[in-house]
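Participant: Quick one: structure below, then a few questions.
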Amino acid sequence: MSTGRRPAPTRQNLLALQRRLERVDKGTTLLRRKREALVAELFRLARPAATARISIADHAAAAYPMLIDALAKEGSVGLRALGWPARDLRVSIRSGQVWGVAVAEILERPMVRRTPHARGVPPPGTSGAAAEATTAFEELTDLLLEAANREALLRRLGEALNRTSRQVNTLERRLQPTLRGQLTEIHRTLDEREREERLRLARLLAKER
């Protein structure tokens, strides 16, 4: 039975509307609980996420001036040579669910920061500015990988919260009022019919007397 048009005022439609409203009420209650759980989870993650973002911003603000200094001393060709060969950073990812939301979690990741020896560049072969910039960006990359799980979870939970809130609003502000209005209208119509039927029966009985 569609809520876009008025249902016929019959007992059958009255019972169908009552059952549908009960299901909608139960669904709304479950969605409210889910929304509350999502909000609680987002609040739990918000503080460490904010701290991590501040740390990332601070490291980025320090790393880029170091890169400019290294470019000034080594040149883009020199830095490209120092960065060769490119590193292949691989991570292990596991999919899962949090409050019914599909998420991906980084299980294992390599340590990005290396010693000068591990970089394969002899100390005399590079300037101090290049080494400092390399260390700064390795630390920044480590922070980004460390924050990736939390940031991805925050984004997915935020999307789920928005979606759940829209669903709750649709049920509470549109569907429930529409169904209740239709129930009230059918109740009123059936009551009027019942009163009219009583009046007719009363008149018939009066005529027979």
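Chain labels run A, B, ... following the order of the structure tokens; each chain numbers its residues from 1, and ligands are numbered from 1 in the order shown.
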Can you list, as a VMD selection string, all residues belonging to stretch 42-155 of chain A that DSSP tags as helix (DSSP H, G or I)?
Facilitator: chain A and resid 42 to 82 116 to 119 123 to 125 128 to 155
Participant: At most 10 Å is the cut-off: for each residue in stretch 51-101 of chain A with any atom that close to an atom of stretch 33-41 of chain A, write down the nearest atom pair and the distance in Å rounded to one decimal, counting only C-alpha atoms, chain first then increasing number, as a Markdown table.
Facilitator:
| residue | atom | partner | partner_atom | distance |
| --- | --- | --- | --- | --- |
| A:Val98 | CA | A:Leu38 | CA | 9.2 |
| A:Trp99 | CA | A:Leu38 | CA | 7.3 |
| A:Gly100 | CA | A:Lys34 | CA | 9.2 |
| A:Val101 | CA | A:Leu38 | CA | 9.8 |
Participant: Save the residues we just selected, all heavy atoms, as an mmCIF file, in the first residue's frame?
Facilitator:
data_model
loop_
_atom_site.group_PDB
_atom_site.id
_atom_site.type_symbol
_atom_site.label_atom_id
_atom_site.label_comp_id
_atom_site.auth_asym_id
_atom_site.auth_seq_id
_atom_site.Cartn_x
_atom_site.Cartn_y
_atom_site.Cartn_z
ATOM 1 N N VAL A 98 32.620 -2.215 11.111
ATOM 2 C CA VAL A 98 32.440 -1.539 12.390
ATOM 3 C C VAL A 98 31.043 -0.931 12.375
ATOM 4 O O VAL A 98 30.749 -0.072 11.538
ATOM 5 C CB VAL A 98 33.499 -0.436 12.607
ATOM 6 C CG1 VAL A 98 33.239 0.314 13.907
ATOM 7 C CG2 VAL A 98 34.897 -1.031 12.611
ATOM 8 N N TRP A 99 30.159 -1.434 13.272
ATOM 9 C CA TRP A 99 28.762 -0.992 13.304
ATOM 10 C C TRP A 99 28.091 -1.147 11.954
ATOM 11 O O TRP A 99 27.359 -0.271 11.491
ATOM 12 C CB TRP A 99 28.661 0.458 13.795
ATOM 13 C CG TRP A 99 29.164 0.656 15.182
ATOM 14 C CD1 TRP A 99 30.305 1.286 15.561
ATOM 15 C CD2 TRP A 99 28.554 0.192 16.391
ATOM 16 N NE1 TRP A 99 30.457 1.252 16.913
ATOM 17 C CE2 TRP A 99 29.377 0.582 17.456
ATOM 18 C CE3 TRP A 99 27.383 -0.513 16.665
ATOM 19 C CZ2 TRP A 99 29.074 0.286 18.776
ATOM 20 C CZ3 TRP A 99 27.084 -0.801 17.992
ATOM 21 C CH2 TRP A 99 27.918 -0.399 19.027
ATOM 22 N N GLY A 100 28.397 -2.229 11.277
ATOM 23 C CA GLY A 100 27.781 -2.489 9.986
ATOM 24 C C GLY A 100 28.386 -1.708 8.836
ATOM 25 O O GLY A 100 27.878 -1.769 7.712
ATOM 26 N N VAL A 101 29.485 -0.991 9.088
ATOM 27 C CA VAL A 101 30.138 -0.178 8.057
ATOM 28 C C VAL A 101 31.387 -0.900 7.586
ATOM 29 O O VAL A 101 32.243 -1.265 8.393
ATOM 30 C CB VAL A 101 30.511 1.217 8.607
ATOM 31 C CG1 VAL A 101 31.184 2.054 7.522
ATOM 32 C CG2 VAL A 101 29.272 1.917 9.152
#
Participant: Looking at only C-alpha atoms, which of A:Arg156, A:Arg47, A:Arg6, A:Arg203 is the one that sits closest to A:Gly181?
Facilitator: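 For A:Gly181, the nearest of the candidates is A:Arg6.
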Participant: Contacts of A:Arg90 at 12 Å or less, counting only C-alpha atoms, minus same-chain residues fewer than 5 places along, as a ChimeraX atom specification?
Facilitator: /A:106-112,145
Participant: Applying 12 Å and only C-alpha atoms, which residues near A:Arg23 remain after dropping the ones on its own chain fewer than 6 positions away? List them as a PyMOL selection string.
Facilitator: chain A and resi 16-17+29-30+171+175-176+179
